[in-house]
>>> print(open('model05.txt').read())   # compact mmCIF, C-alpha atoms
# COMPACT_ATOMS: atom_id res chain seq x y z
CA MET J 23 -71.91 14.62 -43.04
CA ALA J 24 -71.87 18.28 -44.04
CA THR J 25 -72.57 20.99 -41.50
CA ALA J 26 -76.17 22.24 -41.64
CA LEU J 27 -76.49 25.84 -42.73
CA ALA J 28 -78.03 28.13 -40.11
CA ASP J 29 -78.79 30.93 -42.52
CA PRO J 30 -77.32 30.29 -45.96
CA MET J 31 -76.91 33.99 -46.73
CA ILE J 32 -74.95 34.94 -43.61
CA ALA J 33 -71.20 34.59 -43.79
CA ARG J 34 -69.40 33.13 -40.80
CA PRO J 35 -66.06 34.73 -39.94
CA PHE J 36 -62.98 32.56 -40.42
CA ARG J 37 -59.39 33.48 -39.64
CA VAL J 38 -56.50 32.82 -42.00
CA GLN J 39 -54.13 30.37 -40.34
CA ARG J 40 -51.73 29.91 -43.22
CA MET J 41 -51.17 30.93 -46.84
CA ARG J 42 -49.32 28.54 -49.09
CA GLN J 43 -48.09 29.54 -52.55
CA GLU J 44 -48.67 26.43 -54.70
CA THR J 45 -47.43 27.70 -58.08
CA SER J 46 -46.66 31.13 -59.52
CA ASP J 47 -50.35 32.04 -59.71
CA THR J 48 -52.14 29.62 -57.38
CA PHE J 49 -52.29 29.56 -53.63
CA THR J 50 -54.03 27.74 -50.80
CA VAL J 51 -55.64 29.53 -47.90
CA GLU J 52 -56.11 27.63 -44.63
CA LEU J 53 -58.95 28.86 -42.42
CA THR J 54 -60.30 28.16 -38.94
CA PRO J 55 -63.54 29.47 -37.39
CA GLU J 56 -63.08 32.86 -35.78
CA ASP J 57 -66.08 32.34 -33.49
CA GLY J 58 -64.55 29.32 -31.76
CA GLY J 59 -67.46 27.20 -32.92
CA PRO J 60 -67.28 23.76 -34.43
CA PRO J 61 -65.26 23.19 -37.60
CA MET J 62 -67.12 23.12 -40.88
CA ARG J 63 -67.87 19.60 -42.00
CA PHE J 64 -68.20 19.11 -45.74
CA LEU J 65 -68.57 16.53 -48.46
CA PRO J 66 -65.81 16.12 -51.06
CA GLY J 67 -66.73 18.22 -54.08
CA GLN J 68 -68.71 20.86 -52.18
CA PHE J 69 -67.81 24.53 -52.36
CA ASN J 70 -67.90 27.61 -50.16
CA MET J 71 -68.58 31.25 -50.88
CA LEU J 72 -65.58 33.21 -49.59
CA TYR J 73 -66.29 36.85 -48.80
CA LEU J 74 -63.51 39.40 -48.59
CA TYR J 75 -65.07 42.29 -46.72
CA GLY J 76 -65.31 45.33 -48.93
CA VAL J 77 -64.02 43.51 -51.99
CA GLY J 78 -66.45 40.78 -52.99
CA GLU J 79 -67.51 37.18 -52.74
CA ILE J 80 -66.54 34.18 -54.88
CA PRO J 81 -67.25 30.44 -54.96
CA ILE J 82 -64.27 28.16 -54.35
CA SER J 83 -64.21 24.38 -53.98
CA ILE J 84 -63.08 22.90 -50.69
CA CYS J 85 -59.86 20.98 -51.22
CA GLY J 86 -58.96 19.76 -47.74
CA ASP J 87 -59.39 16.44 -45.99
CA PRO J 88 -63.07 15.84 -45.16
CA THR J 89 -62.05 13.35 -42.48
CA ALA J 90 -60.01 16.04 -40.67
CA PRO J 91 -62.09 19.21 -41.05
CA ASP J 92 -60.45 21.23 -38.25
CA SER J 93 -59.11 23.61 -40.83
CA LEU J 94 -60.72 24.56 -44.09
CA LEU J 95 -58.57 24.58 -47.24
CA HIS J 96 -59.27 26.40 -50.48
CA THR J 97 -56.94 26.55 -53.47
CA THR J 98 -57.49 29.13 -56.16
CA ARG J 99 -55.75 31.00 -58.94
CA ALA J 100 -55.20 34.71 -58.59
CA VAL J 101 -57.05 35.92 -61.66
CA GLY J 102 -59.70 38.42 -60.55
CA LEU J 103 -60.34 41.22 -58.11
CA VAL J 104 -61.24 38.99 -55.17
CA THR J 105 -58.65 36.27 -55.71
CA ARG J 106 -55.88 38.83 -56.18
CA ALA J 107 -56.89 40.52 -52.95
CA MET J 108 -57.13 37.14 -51.25
CA ARG J 109 -53.55 36.34 -52.22
CA GLN J 110 -52.45 39.40 -50.27
CA MET J 111 -54.04 38.10 -47.04
CA ARG J 112 -51.81 37.14 -44.15
CA PRO J 113 -52.25 34.82 -41.14
CA GLY J 114 -54.60 36.49 -38.70
CA ASP J 115 -56.73 38.20 -41.34
CA VAL J 116 -60.43 37.44 -41.30
CA LEU J 117 -62.84 36.68 -44.14
CA GLY J 118 -66.43 35.49 -44.33
CA VAL J 119 -67.43 31.98 -45.34
CA ARG J 120 -70.85 30.78 -46.47
CA GLY J 121 -71.30 27.11 -47.05
CA PRO J 122 -70.73 24.33 -47.66
CA TYR J 123 -72.88 24.20 -50.77
CA GLY J 124 -73.53 21.65 -53.48
CA ASN J 125 -73.86 17.92 -53.72
CA GLY J 126 -70.30 16.57 -53.86
CA TRP J 127 -68.78 13.56 -55.62
CA PRO J 128 -70.70 10.25 -55.82
CA LEU J 129 -68.45 8.27 -53.51
CA ALA J 130 -71.18 5.89 -52.34
CA GLU J 131 -71.95 5.00 -55.95
CA ALA J 132 -68.27 4.20 -56.51
CA GLU J 133 -68.12 1.58 -53.77
CA GLY J 134 -67.08 -1.81 -55.11
CA LYS J 135 -65.89 -0.27 -58.36
CA ASP J 136 -62.75 1.13 -59.91
CA VAL J 137 -62.50 4.89 -59.45
CA VAL J 138 -60.82 7.16 -61.98
CA LEU J 139 -60.22 10.79 -61.10
CA VAL J 140 -59.34 12.98 -64.08
CA ALA J 141 -58.11 16.45 -63.17
CA GLY J 142 -57.03 19.34 -65.36
CA GLY J 143 -55.11 22.31 -63.98
CA ILE J 144 -56.60 23.68 -60.79
CA GLY J 145 -59.41 21.13 -61.21
CA LEU J 146 -57.25 18.91 -59.04
CA ALA J 147 -58.36 20.93 -55.99
CA PRO J 148 -61.95 19.62 -55.67
CA LEU J 149 -60.77 16.12 -56.49
CA ARG J 150 -58.15 16.21 -53.74
CA SER J 151 -60.82 16.11 -51.06
CA ALA J 152 -62.41 13.13 -52.86
CA LEU J 153 -59.07 11.36 -52.90
CA TYR J 154 -58.56 11.94 -49.17
CA GLN J 155 -61.95 10.36 -48.54
CA LEU J 156 -61.31 7.44 -50.91
CA LEU J 157 -58.01 6.67 -49.21
CA ALA J 158 -59.57 6.93 -45.76
CA GLU J 159 -62.01 4.18 -46.79
CA ARG J 160 -59.68 2.39 -49.17
CA ASN J 161 -61.16 -1.09 -48.78
CA ARG J 162 -64.54 0.05 -50.12
CA TYR J 163 -63.18 0.59 -53.61
CA ARG J 164 -61.33 -1.42 -56.21
CA LYS J 165 -58.59 0.32 -58.19
CA ILE J 166 -58.15 4.04 -57.67
CA VAL J 167 -56.44 5.95 -60.48
CA LEU J 168 -55.60 9.65 -60.57
CA LEU J 169 -54.88 11.19 -63.98
CA TYR J 170 -53.69 14.77 -63.71
CA GLY J 171 -52.76 17.14 -66.52
CA THR J 172 -51.40 20.63 -66.27
CA ARG J 173 -49.50 23.14 -68.37
CA SER J 174 -45.91 22.58 -67.31
CA PRO J 175 -43.90 20.98 -64.49
CA GLU J 176 -43.88 24.38 -62.76
CA ASP J 177 -47.69 24.37 -62.68
CA ILE J 178 -48.07 21.08 -60.81
CA LEU J 179 -50.23 21.51 -57.71
CA TYR J 180 -49.82 19.70 -54.39
CA ARG J 181 -46.39 18.26 -55.15
CA ARG J 182 -45.99 16.80 -51.67
CA ASP J 183 -49.39 15.12 -51.87
CA LEU J 184 -48.60 13.70 -55.29
CA GLU J 185 -45.32 12.25 -54.03
CA ARG J 186 -47.09 10.73 -51.04
CA TRP J 187 -49.89 9.34 -53.19
CA ARG J 188 -47.37 7.85 -55.63
CA ALA J 189 -45.88 5.93 -52.72
CA HIS J 190 -49.24 4.23 -52.09
CA LEU J 191 -49.19 0.72 -53.51
CA ASP J 192 -52.95 0.77 -53.92
CA LEU J 193 -53.20 4.04 -55.81
CA GLU J 194 -52.08 4.74 -59.38
CA VAL J 195 -51.01 8.31 -60.09
CA TYR J 196 -50.18 9.60 -63.57
CA VAL J 197 -49.19 13.20 -64.24
CA THR J 198 -48.74 14.77 -67.64
CA VAL J 199 -47.85 18.28 -68.78
CA ASP J 200 -48.41 20.14 -72.04
CA ARG J 201 -44.84 21.24 -72.43
CA ALA J 202 -41.53 20.55 -70.77
CA SER J 203 -37.80 20.74 -71.21
CA GLY J 204 -35.65 17.66 -71.72
CA GLN J 205 -35.03 17.55 -67.95
CA TRP J 206 -38.63 16.46 -67.29
CA ARG J 207 -38.88 12.70 -66.92
CA GLY J 208 -42.65 12.50 -66.77
CA ASN J 209 -45.32 12.39 -69.44
CA VAL J 210 -45.95 15.11 -72.02
CA GLY J 211 -49.34 15.43 -73.68
CA VAL J 212 -52.85 16.42 -72.65
CA VAL J 213 -54.52 14.48 -69.86
CA THR J 214 -56.79 12.66 -72.33
CA THR J 215 -53.75 10.80 -73.70
CA LEU J 216 -53.42 9.00 -70.35
CA ILE J 217 -56.90 7.47 -70.53
CA PRO J 218 -56.50 4.72 -73.16
CA ARG J 219 -53.92 2.80 -71.13
CA ALA J 220 -54.76 3.75 -67.56
CA PRO J 221 -55.21 0.61 -65.45
CA PHE J 222 -58.95 0.37 -64.77
CA THR J 223 -61.79 -1.86 -65.92
CA ALA J 224 -63.90 0.53 -67.96
CA THR J 225 -67.23 -1.23 -67.59
CA ASN J 226 -66.91 -1.28 -63.79
CA THR J 227 -65.59 2.23 -63.26
CA VAL J 228 -66.91 5.47 -61.83
CA ALA J 229 -65.11 8.47 -63.34
CA MET J 230 -64.94 11.86 -61.64
CA VAL J 231 -63.73 14.69 -63.83
CA CYS J 232 -62.85 18.27 -62.98
CA GLY J 233 -61.14 20.93 -65.03
CA PRO J 234 -61.89 23.54 -67.66
CA GLU J 235 -64.96 22.66 -69.70
CA VAL J 236 -63.06 22.10 -72.95
CA MET J 237 -60.80 19.60 -71.18
CA MET J 238 -63.83 17.83 -69.70
CA ARG J 239 -65.52 17.56 -73.12
CA PHE J 240 -62.55 15.75 -74.61
CA THR J 241 -62.12 13.68 -71.46
CA VAL J 242 -65.72 12.47 -71.70
CA MET J 243 -65.17 11.43 -75.33
CA GLU J 244 -62.05 9.50 -74.38
CA LEU J 245 -63.73 7.81 -71.40
CA LEU J 246 -66.70 6.80 -73.57
CA GLY J 247 -64.29 5.52 -76.21
CA ARG J 248 -62.56 3.44 -73.55
CA GLY J 249 -65.94 1.92 -72.64
CA VAL J 250 -66.85 3.73 -69.42
CA PRO J 251 -70.68 3.91 -69.29
CA ALA J 252 -71.97 7.45 -69.84
CA GLY J 253 -73.96 7.23 -66.61
CA SER J 254 -70.79 6.47 -64.64
CA ILE J 255 -69.07 9.70 -65.67
CA HIS J 256 -69.46 12.64 -63.27
CA LEU J 257 -68.35 16.19 -63.97
CA SER J 258 -67.91 19.19 -61.70
CA LEU J 259 -69.21 22.24 -63.54
CA GLU J 260 -68.11 25.77 -62.91
CA ARG J 261 -70.45 28.66 -63.59
CA ASN J 262 -70.84 32.19 -62.34
CA MET J 263 -72.27 31.31 -58.92
CA LYS J 264 -73.46 34.27 -56.86
CA CYS J 265 -76.12 33.35 -54.30
CA ALA J 266 -75.11 29.65 -54.06
CA VAL J 267 -78.66 28.70 -53.03
CA GLY J 268 -80.47 28.50 -56.38
CA VAL J 269 -82.20 31.86 -56.22
CA CYS J 270 -80.39 34.42 -58.35
CA GLY J 271 -80.02 32.39 -61.55
CA HIS J 272 -76.49 33.52 -62.39
CA CYS J 273 -75.28 29.96 -62.65
CA GLN J 274 -78.18 28.66 -64.69
CA CYS J 275 -77.15 26.23 -67.42
CA GLY J 276 -80.13 25.00 -69.41
CA PRO J 277 -82.67 23.64 -66.91
CA ILE J 278 -80.22 23.44 -63.99
CA PHE J 279 -78.75 25.77 -61.45
CA VAL J 280 -75.17 24.65 -60.95
CA CYS J 281 -75.03 25.86 -57.33
CA ARG J 282 -78.25 24.16 -56.27
CA ASP J 283 -78.29 21.02 -58.45
CA GLY J 284 -74.51 20.50 -58.65
CA PRO J 285 -71.74 21.37 -58.95
CA VAL J 286 -71.24 17.64 -59.64
CA PHE J 287 -73.43 16.18 -62.38
CA ARG J 288 -73.84 12.78 -63.93
CA TYR J 289 -72.90 13.15 -67.58
CA THR J 290 -76.16 11.63 -68.82
CA ASP J 291 -78.12 14.28 -66.87
CA ILE J 292 -76.38 17.19 -68.58
CA GLU J 293 -75.45 15.66 -71.94
CA PRO J 294 -78.12 17.56 -73.95
CA PHE J 295 -76.69 20.93 -73.00
CA PHE J 296 -73.13 20.20 -71.87
CA GLY J 297 -70.74 22.15 -74.07
CA LYS J 298 -73.51 24.06 -75.86
CA ARG J 299 -72.02 27.41 -76.74
CA GLU J 300 -75.39 29.19 -76.45
CA LEU J 301 -75.44 28.35 -72.73
CA MET Y 15 -39.75 -15.19 -85.73
CA VAL Y 16 -42.64 -17.03 -84.10
CA ALA Y 17 -42.14 -15.02 -80.90
CA VAL Y 18 -41.98 -11.74 -82.83
CA GLN Y 19 -45.13 -12.65 -84.74
CA PHE Y 20 -46.92 -13.46 -81.50
CA ASN Y 21 -45.84 -10.15 -79.93
CA LEU Y 22 -46.85 -8.28 -83.08
CA ALA Y 23 -50.31 -9.83 -82.99
CA GLU Y 24 -50.63 -8.73 -79.34
CA HIS Y 25 -49.71 -5.12 -80.09
CA PRO Y 26 -52.71 -2.76 -80.45
CA PHE Y 27 -51.31 -1.38 -83.72
CA CYS Y 28 -51.64 -4.81 -85.39
CA LYS Y 29 -55.01 -5.71 -83.90
CA GLY Y 30 -57.19 -7.44 -86.49
CA LEU Y 31 -54.47 -7.67 -89.13
CA GLN Y 32 -54.80 -10.64 -91.50
CA SER Y 33 -52.41 -13.48 -90.73
CA GLU Y 34 -50.66 -13.32 -94.14
CA TYR Y 35 -49.85 -9.64 -93.54
CA LEU Y 36 -48.81 -10.36 -89.98
CA GLU Y 37 -46.50 -13.06 -91.23
CA PHE Y 38 -44.86 -10.73 -93.72
CA ILE Y 39 -44.51 -7.90 -91.19
CA ALA Y 40 -42.93 -10.34 -88.74
CA SER Y 41 -40.33 -11.14 -91.39
CA CYS Y 42 -39.34 -7.44 -91.32
CA ALA Y 43 -39.38 -7.23 -87.52
CA SER Y 44 -36.93 -7.62 -84.69
CA GLU Y 45 -37.20 -7.02 -80.97
CA VAL Y 46 -35.05 -4.23 -79.60
CA SER Y 47 -34.46 -2.55 -76.27
CA PHE Y 48 -33.12 0.85 -75.27
CA ARG Y 49 -31.68 1.84 -71.94
CA ALA Y 50 -33.00 4.98 -70.27
CA ASP Y 51 -31.82 8.16 -72.03
CA LYS Y 52 -30.69 6.31 -75.14
CA ILE Y 53 -31.34 8.32 -78.31
CA ILE Y 54 -33.41 6.12 -80.63
CA PHE Y 55 -33.19 8.44 -83.62
CA ARG Y 56 -32.33 12.05 -84.35
CA GLU Y 57 -33.99 14.71 -86.47
CA GLY Y 58 -32.66 14.66 -90.04
CA GLU Y 59 -31.46 11.07 -89.98
CA GLU Y 60 -32.82 8.60 -92.51
CA ALA Y 61 -36.16 7.19 -91.37
CA ASP Y 62 -35.80 3.60 -92.44
CA ARG Y 63 -37.88 1.96 -89.68
CA PHE Y 64 -40.55 2.44 -87.09
CA TYR Y 65 -41.19 0.97 -83.65
CA LEU Y 66 -44.09 -0.57 -81.81
CA ILE Y 67 -43.49 0.13 -78.13
CA GLN Y 68 -44.08 -2.76 -75.74
CA GLU Y 69 -42.66 -1.48 -72.45
CA GLY Y 70 -41.23 1.81 -71.23
CA ARG Y 71 -41.70 5.34 -72.46
CA VAL Y 72 -40.19 7.42 -75.25
CA ALA Y 73 -39.96 11.22 -75.49
CA LEU Y 74 -40.30 12.98 -78.82
CA GLU Y 75 -38.12 16.05 -78.65
CA ALA Y 76 -37.32 19.11 -80.71
CA PHE Y 77 -33.96 20.69 -80.12
CA GLN Y 78 -33.71 24.44 -79.71
CA LEU Y 79 -30.37 26.17 -79.82
CA GLU Y 80 -31.60 28.39 -77.03
CA GLY Y 81 -32.99 26.23 -74.29
CA GLY Y 82 -32.00 22.76 -75.43
CA PRO Y 83 -34.47 19.94 -76.05
CA VAL Y 84 -38.19 20.48 -75.64
CA VAL Y 85 -40.38 17.43 -75.12
CA ILE Y 86 -43.26 17.51 -77.59
CA GLN Y 87 -44.95 14.31 -76.50
CA THR Y 88 -44.29 11.09 -74.66
CA LEU Y 89 -45.29 7.69 -75.98
CA GLY Y 90 -45.76 4.46 -74.09
CA PRO Y 91 -46.72 0.80 -74.35
CA GLY Y 92 -49.11 0.18 -77.23
CA ASP Y 93 -47.99 3.26 -79.19
CA ALA Y 94 -46.37 3.35 -82.64
CA LEU Y 95 -43.23 5.45 -82.83
CA GLY Y 96 -42.42 7.12 -86.14
CA TRP Y 97 -44.21 7.56 -89.44
CA SER Y 98 -41.50 9.40 -91.38
CA TRP Y 99 -40.47 6.07 -92.97
CA LEU Y 100 -43.81 6.22 -94.86
CA ILE Y 101 -43.64 9.79 -96.16
CA PRO Y 102 -40.96 11.31 -98.43
CA PRO Y 103 -38.24 12.44 -97.91
CA TYR Y 104 -38.03 9.64 -95.27
CA LYS Y 105 -36.20 11.73 -92.69
CA TRP Y 106 -37.00 11.94 -88.98
CA ARG Y 107 -38.60 15.24 -88.02
CA PHE Y 108 -37.89 14.95 -84.29
CA ASP Y 109 -35.51 13.28 -81.89
CA ALA Y 110 -36.73 10.23 -79.98
CA ARG Y 111 -35.22 9.39 -76.59
CA ALA Y 112 -36.03 6.51 -74.27
CA ILE Y 113 -37.14 7.90 -70.90
CA ASP Y 114 -37.15 4.53 -69.16
CA HIS Y 115 -35.74 1.18 -70.18
CA THR Y 116 -37.84 0.55 -73.28
CA THR Y 117 -38.58 -2.54 -75.32
CA ALA Y 118 -40.10 -2.38 -78.79
CA ILE Y 119 -40.60 -4.22 -82.03
CA SER Y 120 -38.51 -2.58 -84.73
CA LEU Y 121 -39.85 -2.81 -88.29
CA ASP Y 122 -37.90 -2.42 -91.51
CA GLY Y 123 -39.56 0.56 -93.17
CA LYS Y 124 -37.90 0.14 -96.57
CA ALA Y 125 -39.02 -3.47 -96.94
CA LEU Y 126 -42.51 -2.57 -95.80
CA ARG Y 127 -42.71 0.36 -98.22
CA GLU Y 128 -41.74 -1.85 -101.14
CA ARG Y 129 -44.28 -4.49 -100.16
CA CYS Y 130 -46.99 -1.85 -99.65
CA ASN Y 131 -46.32 -0.57 -103.18
CA SER Y 132 -46.69 -4.01 -104.71
CA ASP Y 133 -49.57 -5.14 -102.45
CA PRO Y 134 -52.21 -2.41 -102.15
CA GLY Y 135 -54.14 -4.48 -99.61
CA LEU Y 136 -51.24 -4.33 -97.15
CA GLY Y 137 -50.62 -0.72 -98.12
CA PHE Y 138 -54.21 0.19 -97.27
CA GLU Y 139 -54.03 -1.65 -93.94
CA MET Y 140 -50.87 0.24 -92.98
CA LEU Y 141 -52.33 3.58 -94.06
CA LYS Y 142 -55.53 2.93 -92.09
CA ARG Y 143 -53.54 2.21 -88.97
CA PHE Y 144 -51.24 5.16 -89.37
CA ALA Y 145 -54.23 7.41 -90.12
CA VAL Y 146 -55.54 6.56 -86.65
CA VAL Y 147 -52.14 7.32 -85.10
CA LEU Y 148 -51.94 10.61 -87.00
CA GLU Y 149 -55.48 11.57 -85.99
CA GLN Y 150 -54.75 10.88 -82.33
CA ARG Y 151 -51.53 12.91 -82.44
CA LEU Y 152 -53.27 15.76 -84.26
CA GLN Y 153 -56.06 15.84 -81.67
CA ALA Y 154 -53.55 15.79 -78.83
CA THR Y 155 -51.55 18.59 -80.46
CA ARG Y 156 -54.70 20.68 -80.96
CA LEU Y 157 -55.55 20.31 -77.29
CA GLN Y 158 -52.02 21.30 -76.32
CA LEU Y 159 -52.38 24.38 -78.52
CA LEU Y 160 -55.72 25.19 -76.87
CA ASP Y 161 -53.90 25.52 -73.55
CA VAL Y 162 -56.90 23.84 -71.93
CA TYR Y 163 -55.77 24.24 -68.33
CA GLY Y 164 -55.22 27.96 -68.53
CA ARG Y 165 -58.32 29.49 -67.04
CA ARG Y 166 -59.40 27.18 -64.28
>>> encode(input="model05.txt", output="structure tokens")
Amino acid sequence: MATALADPMIARPFRVQRMRQETSDTFTVELTPEDGGPPMRFLPGQFNMLYLYGVGEIPISICGDPTAPDSLLHTTRAVGLVTRAMRQMRPGDVLGVRGPYGNGWPLAEAEGKDVVLVAGGIGLAPLRSALYQLLAERNRYRKIVLLYGTRSPEDILYRRDLERWRAHLDLEVYVTVDRASGQWRGNVGVVTTLIPRAPFTATNTVAMVCGPEVMMRFTVMELLGRGVPAGSIHLSLERNMKCAVGVCGHCQCGPIFVCRDGPVFRYTDIEPFFGKREL
Amino acid sequence: MVAVQFNLAEHPFCKGLQSEYLEFIASCASEVSFRADKIIFREGEEADRFYLIQEGRVALEAFQLEGGPVVIQTLGPGDALGWSWLIPPYKWRFDARAIDHTTAISLDGKALRERCNSDPGLGFEMLKRFAVVLEQRLQATRLQLLDVYGRR
């Protein structure tokens, strides 16, 4: 159960407990409530608005374990004003958090079915919290398969988690990179190339996909080609979210507001406008 | 040969192939295995065969004088390895190296080429199948070029 929002526009202060450099340009910030209040409960797939005082506010998915919400984890890439400033933060620094927002992944719908998580690049972050939840309730699901693609071996996120997940006998993990030297013993190719032979029963599968939109477009095509029903494919969209409560319209995409109606959408609900360049 | 023919019929590349063609292809086929890290073929060598992978994984590599081998793509069970046997000058364009212990069906490219020339029906079947392989590799290469993971 997610924590109810007292006032959705007021940021709650959180203190940085730890900063972890994940790759050359991505990092994870670990936060705990500064006010000594209860930890923030969230649903896998939800996001928070992180506010660096005097710099700005950005939406970032929650990537921690929803069954152990004592600390709040967010992984992001240092690409803009706020994320670059965030990377400079140190333990003890304080930032504001609004959230959690959004609907999260359809885990209840996946019960009794195979679950395929397809992640591209930093899109693994919002799926990590889903995977924690799936593993915490492992007997509710059939096969669980994680397909993860990224640029190079150096860009692989959550290496320790991936190693631990690979050791699970009841979880299939496949990682692929776009380019690698001859030392790399894993797969090379985009993440879509893993789909045709991944071990799941397509007609009884719920797929959860997160990554850049171009990657998700091709992933959807491959999943449909494999026989996964269009209504069983769920995508996490990323748009320019500002208010996070469906008021400002910055994240509007066709008839939807990504912050209010998503960020996770059933493919059949967004198919008419998904990938439309005019939007 | 019966076992090879059965394994050929099971391989996705041969799915739906007429039995007379399957029978001929089986006569050009043998089952092979490669230990991990074994070089299957090298760039520039004569491409006189191709492989249908059953188990294991194979890396397609390009060698750079500065930096050594770069893995272009990895192939696995169900994939076809190599089409240079079909296209002049019949030379491999990349190196192929087994990543894991790999088993495959090896097919005599020269014999198949000759038969494809004299039997357009078989030739068309082979071209249709390799067109699918080529399309899939082209799509995958385009996505790699797009650098799809870059911004998120």
>>> closest_atom_pairs(input="model05.txt", of="chain Y", to="chain J", cutoff="8 Å", atoms="only C-alpha atoms", output="CSV")
residue,atom,partner,partner_atom,distance
Y:Ala73,CA,J:Val210,CA,7.9
Y:Glu75,CA,J:Gly204,CA,7.5
Y:Gly81,CA,J:Ser203,CA,7.9
Y:Gly82,CA,J:Gly204,CA,7.3
Y:Pro83,CA,J:Gly204,CA,5.0
Y:Val84,CA,J:Ser203,CA,4.5
Y:Val85,CA,J:Ala202,CA,5.5
Y:Ile86,CA,J:Arg201,CA,6.6
Y:Gln87,CA,J:Val210,CA,4.7
Y:Thr88,CA,J:Val210,CA,5.1
Y:Ile113,CA,J:Arg207,CA,6.5
Y:Ala154,CA,J:Val212,CA,6.3
Y:Thr155,CA,J:Gly211,CA,7.8
Y:Leu157,CA,J:Val212,CA,6.6
Y:Gln158,CA,J:Asp200,CA,5.7
Y:Asp161,CA,J:Arg173,CA,7.2
Y:Val162,CA,J:Met237,CA,5.8
Y:Tyr163,CA,J:Gly143,CA,4.8
Y:Gly164,CA,J:Gly143,CA,7.3
Y:Arg165,CA,J:Pro234,CA,7.0
Y:Arg166,CA,J:Pro234,CA,5.6
>>> residues_around(input="model05.txt", residues="Asn226 of chain J", least_positions_apart="4", cutoff="10 Å", atoms="only C-alpha atoms", output="count of residues only")
11
>>> closest_residue(input="model05.txt", among="Y:Phe77, Y:Glu149, Y:Phe38, Y:Ala94", to="Gly58 of chain Y", atoms="only C-alpha atoms")
Y:Phe77
>>> residues_around(input="model05.txt", residues="Phe144 of chain Y", least_positions_apart="6", cutoff="10 Å", atoms="only C-alpha atoms", output="JSON, numbers by chain")
{"Y": [27, 94, 96, 97, 100, 138, 150]}
>>> atom_distance(input="model05.txt", atom1="atom CA of Val138 of chain J", atom2="atom CA of Thr227 of chain J")
7.0 Å
>>> closest_residue(input="model05.txt", among="J:Ile255, J:Ile80, J:Leu193, J:Val119", to="Pro55 of chain J", atoms="all atoms listed in the file")
J:Val119
